[in-house]
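**Student:** upload-v3.pdb is reproduced in full below (PDB, C-alpha atoms).
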ATOM      1  CA  LEU X   1      99.187  97.719  84.877  1.00  0.00           C
ATOM      2  CA  GLY X   2      98.105 101.279  85.167  1.00  0.00           C
ATOM      3  CA  PRO X   3      95.064 102.772  86.853  1.00  0.00           C
ATOM      4  CA  ARG X   4      91.805 101.679  85.323  1.00  0.00           C
ATOM      5  CA  GLY X   5      88.600 103.614  85.346  1.00  0.00           C
ATOM      6  CA  VAL X   6      90.259 106.939  86.130  1.00  0.00           C
ATOM      7  CA  GLY X   7      87.590 109.607  86.002  1.00  0.00           C
ATOM      8  CA  MET X   8      84.798 107.028  85.945  1.00  0.00           C
ATOM      9  CA  PRO X   9      82.015 106.852  88.529  1.00  0.00           C
ATOM     10  CA  THR X  10      82.570 104.396  91.364  1.00  0.00           C
ATOM     11  CA  PRO X  11      80.647 101.173  90.677  1.00  0.00           C
ATOM     12  CA  SER X  12      77.740 100.306  92.971  1.00  0.00           C
ATOM     13  CA  PHE X  13      78.774  98.391  96.078  1.00  0.00           C
ATOM     14  CA  ARG X  14      78.078  97.928  99.768  1.00  0.00           C
ATOM     15  CA  ALA X  15      80.789  97.064 102.265  1.00  0.00           C
ATOM     16  CA  HIS X  16      81.829  97.295 105.878  1.00  0.00           C
ATOM     17  CA  THR X  17      85.013  98.382 107.571  1.00  0.00           C
ATOM     18  CA  LEU X  18      86.930  96.421 110.183  1.00  0.00           C
ATOM     19  CA  ASP X  19      85.375  98.813 112.704  1.00  0.00           C
ATOM     20  CA  GLY X  20      81.929  97.557 111.676  1.00  0.00           C
ATOM     21  CA  ASP X  21      80.876 100.748 109.883  1.00  0.00           C
ATOM     22  CA  ARG X  22      78.882 100.156 106.707  1.00  0.00           C
ATOM     23  CA  PHE X  23      79.223 102.269 103.593  1.00  0.00           C
ATOM     24  CA  ASP X  24      78.381 102.280  99.915  1.00  0.00           C
ATOM     25  CA  GLN X  25      79.393 104.158  96.798  1.00  0.00           C
ATOM     26  CA  ARG X  26      76.906 106.956  97.549  1.00  0.00           C
ATOM     27  CA  SER X  27      78.787 107.844 100.742  1.00  0.00           C
ATOM     28  CA  LEU X  28      81.873 108.440  98.607  1.00  0.00           C
ATOM     29  CA  ALA X  29      80.149 110.782  96.152  1.00  0.00           C
ATOM     30  CA  GLY X  30      82.257 113.797  95.315  1.00  0.00           C
ATOM     31  CA  ASP X  31      85.484 112.362  96.742  1.00  0.00           C
ATOM     32  CA  PRO X  32      88.319 110.967  94.652  1.00  0.00           C
ATOM     33  CA  VAL X  33      88.495 107.243  95.370  1.00  0.00           C
ATOM     34  CA  ALA X  34      91.115 104.563  94.760  1.00  0.00           C
ATOM     35  CA  LEU X  35      89.648 101.062  95.067  1.00  0.00           C
ATOM     36  CA  VAL X  36      92.527  98.653  95.674  1.00  0.00           C
ATOM     37  CA  PHE X  37      91.781  94.947  95.355  1.00  0.00           C
ATOM     38  CA  PHE X  38      94.191  92.719  97.261  1.00  0.00           C
ATOM     39  CA  ALA X  39      94.596  89.282  98.800  1.00  0.00           C
ATOM     40  CA  THR X  40      96.466  88.569 102.010  1.00  0.00           C
ATOM     41  CA  TRP X  41      98.538  85.859 100.261  1.00  0.00           C
ATOM     42  CA  CYS X  42      99.562  88.117  97.326  1.00  0.00           C
ATOM     43  CA  GLY X  43     103.242  89.091  97.417  1.00  0.00           C
ATOM     44  CA  ALA X  44     102.834  91.873  94.838  1.00  0.00           C
ATOM     45  CA  CYS X  45      99.934  93.294  96.854  1.00  0.00           C
ATOM     46  CA  GLU X  46     102.064  93.294  99.980  1.00  0.00           C
ATOM     47  CA  ARG X  47     104.895  95.116  98.239  1.00  0.00           C
ATOM     48  CA  GLN X  48     102.448  97.803  97.039  1.00  0.00           C
ATOM     49  CA  MET X  49     100.880  98.495 100.456  1.00  0.00           C
ATOM     50  CA  PRO X  50     103.468 101.104 101.513  1.00  0.00           C
ATOM     51  CA  ASP X  51     102.824 102.946  98.230  1.00  0.00           C
ATOM     52  CA  TRP X  52      99.070 103.011  98.846  1.00  0.00           C
ATOM     53  CA  ARG X  53      99.624 104.271 102.412  1.00  0.00           C
ATOM     54  CA  GLU X  54     101.898 107.027 101.128  1.00  0.00           C
ATOM     55  CA  LEU X  55      99.435 108.011  98.390  1.00  0.00           C
ATOM     56  CA  ALA X  56      96.636 108.234 100.951  1.00  0.00           C
ATOM     57  CA  ARG X  57      98.810 110.283 103.305  1.00  0.00           C
ATOM     58  CA  ARG X  58      99.961 112.703 100.596  1.00  0.00           C
ATOM     59  CA  HIS X  59      96.469 113.350  99.263  1.00  0.00           C
ATOM     60  CA  ARG X  60      94.430 113.185 102.479  1.00  0.00           C
ATOM     61  CA  GLU X  61      93.787 116.942 102.474  1.00  0.00           C
ATOM     62  CA  GLU X  62      92.440 116.691  98.914  1.00  0.00           C
ATOM     63  CA  GLY X  63      89.895 114.154 100.125  1.00  0.00           C
ATOM     64  CA  LEU X  64      91.383 111.049  98.494  1.00  0.00           C
ATOM     65  CA  ARG X  65      89.861 107.875  99.891  1.00  0.00           C
ATOM     66  CA  VAL X  66      91.983 104.755  99.433  1.00  0.00           C
ATOM     67  CA  ILE X  67      89.762 101.747 100.014  1.00  0.00           C
ATOM     68  CA  LEU X  68      91.348  98.316 100.252  1.00  0.00           C
ATOM     69  CA  VAL X  69      89.055  95.501  99.140  1.00  0.00           C
ATOM     70  CA  ASN X  70      89.987  92.011 100.260  1.00  0.00           C
ATOM     71  CA  THR X  71      89.502  89.272  97.650  1.00  0.00           C
ATOM     72  CA  ASP X  72      90.517  86.233  99.729  1.00  0.00           C
ATOM     73  CA  ARG X  73      88.070  83.394  99.199  1.00  0.00           C
ATOM     74  CA  ASP X  74      89.105  80.835 101.797  1.00  0.00           C
ATOM     75  CA  GLY X  75      88.772  81.011 105.547  1.00  0.00           C
ATOM     76  CA  ASP X  76      87.437  83.771 107.755  1.00  0.00           C
ATOM     77  CA  GLN X  77      88.100  86.809 105.576  1.00  0.00           C
ATOM     78  CA  GLU X  78      87.622  89.302 108.376  1.00  0.00           C
ATOM     79  CA  GLN X  79      90.105  87.488 110.630  1.00  0.00           C
ATOM     80  CA  LEU X  80      92.607  87.166 107.755  1.00  0.00           C
ATOM     81  CA  VAL X  81      92.418  90.902 107.113  1.00  0.00           C
ATOM     82  CA  ARG X  82      92.678  91.799 110.810  1.00  0.00           C
ATOM     83  CA  GLU X  83      95.835  89.691 111.113  1.00  0.00           C
ATOM     84  CA  TYR X  84      97.216  91.145 107.874  1.00  0.00           C
ATOM     85  CA  VAL X  85      96.614  94.710 109.018  1.00  0.00           C
ATOM     86  CA  ALA X  86      98.105  94.040 112.458  1.00  0.00           C
ATOM     87  CA  SER X  87     101.262  92.601 110.886  1.00  0.00           C
ATOM     88  CA  HIS X  88     101.699  95.631 108.591  1.00  0.00           C
ATOM     89  CA  GLU X  89     101.206  98.500 111.033  1.00  0.00           C
TER
END
Using structure tokens, write down the structure from this file.

**Tutor:**
Amino acid sequence: LGPRGVGMPTPSFRAHTLDGDRFDQRSLAGDPVALVFFATWCGACERQMPDWRELARRHREEGLRVILVNTDRDGDQEQLVREYVASHE
């Protein structure tokens, strides 16, 4: 699968970071954004994480924002993501 929605406006959303900061699509206006949907149990997602980190690192100065969106449905999603992030640092 290739990138979808390239050049399209970011859809409306509200979210929060693991640090507790809240943001929405308006706060991203003018910045290139990659929304990456993942699940902590997804092997393909896990294999792609280093690529997303590298993309974000390479294009940081250009303002690229890589936003990972967790799609887990079971359990405490925040705790799942915190553990996932801690195990991949």

**Student:** To verify the selection step, state as a list in words which residues the PyMOL selection byres ((chain X and resi 34-51) around 8) yields on this input.

**Tutor:**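 Checked against the file, the PyMOL selection byres ((chain X and resi 34-51) around 8) matches Pro32, Val33, Trp52, Arg53, Glu54, Leu55, Leu64, Arg65, Val66, Ile67, Leu68, Val69, Asn70, Thr71, Asp72, Leu80, Val81 and Tyr84 of chain X.
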
**Student:** Would you save the residues of that selection, restricted to C-alpha atoms, as a compact mmCIF listing (two decimals), in the coordinates of the input?

**Tutor:**
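Below you can see selection.txt, which holds the result:
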# COMPACT_ATOMS: atom_id res chain seq x y z
CA PRO X 32 88.32 110.97 94.65
CA VAL X 33 88.50 107.24 95.37
CA TRP X 52 99.07 103.01 98.85
CA ARG X 53 99.62 104.27 102.41
CA GLU X 54 101.90 107.03 101.13
CA LEU X 55 99.44 108.01 98.39
CA LEU X 64 91.38 111.05 98.49
CA ARG X 65 89.86 107.88 99.89
CA VAL X 66 91.98 104.76 99.43
CA ILE X 67 89.76 101.75 100.01
CA LEU X 68 91.35 98.32 100.25
CA VAL X 69 89.06 95.50 99.14
CA ASN X 70 89.99 92.01 100.26
CA THR X 71 89.50 89.27 97.65
CA ASP X 72 90.52 86.23 99.73
CA LEU X 80 92.61 87.17 107.76
CA VAL X 81 92.42 90.90 107.11
CA TYR X 84 97.22 91.14 107.87

**Student:** So which one's closest to Pro9 (chain X), X:Asp76, X:Glu83, X:Glu89, X:Asp31? Using all atoms listed in the file, please.

**Tutor:** X:Asp31

**Student:** Between X:Arg57, X:Arg82, X:Arg73, X:Arg26, which residue has the minimum interatomic distance to Arg14 (chain X), considering only C-alpha atoms?

**Tutor:**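 Counting only C-alpha atoms, the residue closest to Arg14 (chain X) is X:Arg26.
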
**Student:** Please measure the separation of CA of Ser12 (chain X) and CA of Glu61 (chain X), giving the value in Å to one decimal.

**Tutor:**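 Atom-to-atom, CA of Ser12 (chain X) to CA of Glu61 (chain X), that is 25.0 Å.
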
**Student:** Show me, as lines of an AutoDock Vina configuration file, the centre and edge lengths in Å to one decimal of the axis-aligned box that covers every listed atom of region 11-23 of chain X with 4 Å on each side.

**Tutor:**
center_x = 82.3
center_y = 99.3
center_z = 101.7
size_x = 17.2
size_y = 13.8
size_z = 30.0

**Student:** In Å, rounded to a single decimal, give me how far CA of Asp24 (chain X) is from CA of Gly7 (chain X).

**Tutor:**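 CA of Asp24 (chain X) lies 18.2 Å from CA of Gly7 (chain X).
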
**Student:** At what distance in Å, to one decimal, does CA of Gly20 (chain X) lie from CA of Val85 (chain X)?

**Tutor:**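 The value is 15.2 Å.
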
**Student:** Using all atoms listed in the file, which of the listed residues (X:Arg22, X:His16, X:Ala29, X:Pro11) sits closest to Gly63 (chain X)?

**Tutor:**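 For Gly63 (chain X), the nearest of the candidates is X:Ala29.
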
**Student:** Name the closest residue to Gln77 (chain X) among the candidates X:Ala56, X:Leu28, X:Met8, X:Leu18; distances are taken between atoms, counting only C-alpha atoms.

**Tutor:**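 For Gln77 (chain X), the nearest of the candidates is X:Leu18.
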